[in-house]
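As structure tokens, the structure follows; a few thoughts come after it.
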Amino acid sequence: MSHRIVQTIPVLSSNNLQRDLEWYRDYVGFEKLFGDAMYMGLARFNTQLHLQWHAGTTVDPVLSAKVKFFVQEIETYVEEFVSRGTIQLEQFQEKTPWGTKEFGF
């Protein structure tokens with residue numbers, strides 16, 4: 001088959017892109033690739049997130065979203081995110097009922 005999905009980039013709603021850029025940079029290690037006050041792209045290694053400004057009104061809501069990252073050697077990320085203050089060590093689940101190791105923020 002010649003058609004395939006090459007990349008998936010979540011676009012997350014925000015009503016303050018600069019604030020959210022700083023959070024993703026300081027607490028998750030993403031860096032700004034491009035953008036302005038309305039739309040920007042962030043990257044960490046080969047993973048991108050985009051942020052899009054929304055007013056937070058009923059006609060232009062800021063929508064909630066969840067993004068899952070599947071990684072190797074999750075303990076490395078746990079150590080990094082504990083040191084950044086992103087998570088507390090107690091949030092790391094070494095064995096979930098569905099057989100994964102995970103944490104959330």
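Here's how to read the names in the structure tokens: chain A, B, ... by the order shown, residue numbers from 1 in each chain, ligand numbers from 1 in the order shown.
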All strand (DSSP E or B) positions in chain A, as a list of chain:residue names: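 Reading the DSSP output for chain A, strand (DSSP E or B) covers A:Val11, A:Leu12, A:Ser13, A:Ser14, A:Glu31, A:Lys32, A:Leu33, A:Phe34, A:Gly35, A:Tyr39, A:Met40, A:Gly41, A:Leu42, A:Ala43, A:Arg44, A:Thr47, A:Gln48, A:Leu49, A:His50, A:Leu51, A:Gln52, A:Trp53, A:Gln93, A:Glu102.
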Distance query Lys68 of chain A at most 10 Å, only C-alpha atoms, self and fewer than 2 positions along chain excluded, as a list in words: Lys66, Phe70, Val71, Glu102 and Gly104 of chain A
Per-residue DSSP, chain A, filtered to helix (DSSP H, G or I), as an MDAnalysis selection string: chainID A and resid 17:28 74:84 89:91
Residues within 9 Å of segment 56-59 of chain A, only C-alpha atoms, excluding chain neighbours under 4 positions, as a PyMOL selection string: chain A and resi 14-15+63
10 Å contact set for segment 32-46 of chain A, only C-alpha atoms, chain neighbours under 5 positions out, as a PyMOL selection string: chain A and resi 7+9-18+21-22+24-25+51-54
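Nearest residue to His50 of chain A among A:Thr76, A:Thr8, A:Gln93, A:Gln88 is A:Thr8, counting only C-alpha atoms.
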Residues of segment 52-78 of chain A at most 10 Å from segment 95-101 of chain A: nearest atom pair and distance in Å, only C-alpha atoms, as CSV:
residue,atom,partner,partner_atom,distance
A:Glu73,CA,A:Lys101,CA,9.9
A:Ile74,CA,A:Lys101,CA,7.5
A:Glu75,CA,A:Lys101,CA,9.0
Between atom CA of Thr86 of chain A and atom CA of Thr47 of chain A, distance in Å (one decimal):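 Atom CA of Thr47 of chain A lies 18.3 Å from atom CA of Thr86 of chain A.
The smallest atom-to-atom distance between Phe92 of chain A and any of A:Leu49, A:Val62, A:Val78, A:Val6, using only C-alpha atoms, is found for A:Val78.
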Point-to-point distance in Å for atom CA of Phe69 of chain A and atom CA of Ser83 of chain A: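 The value is 19.1 Å.
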Point-to-point distance in Å for atom CA of Glu31 of chain A and atom CA of Pro61 of chain A: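 Atom CA of Glu31 of chain A lies 25.4 Å from atom CA of Pro61 of chain A.
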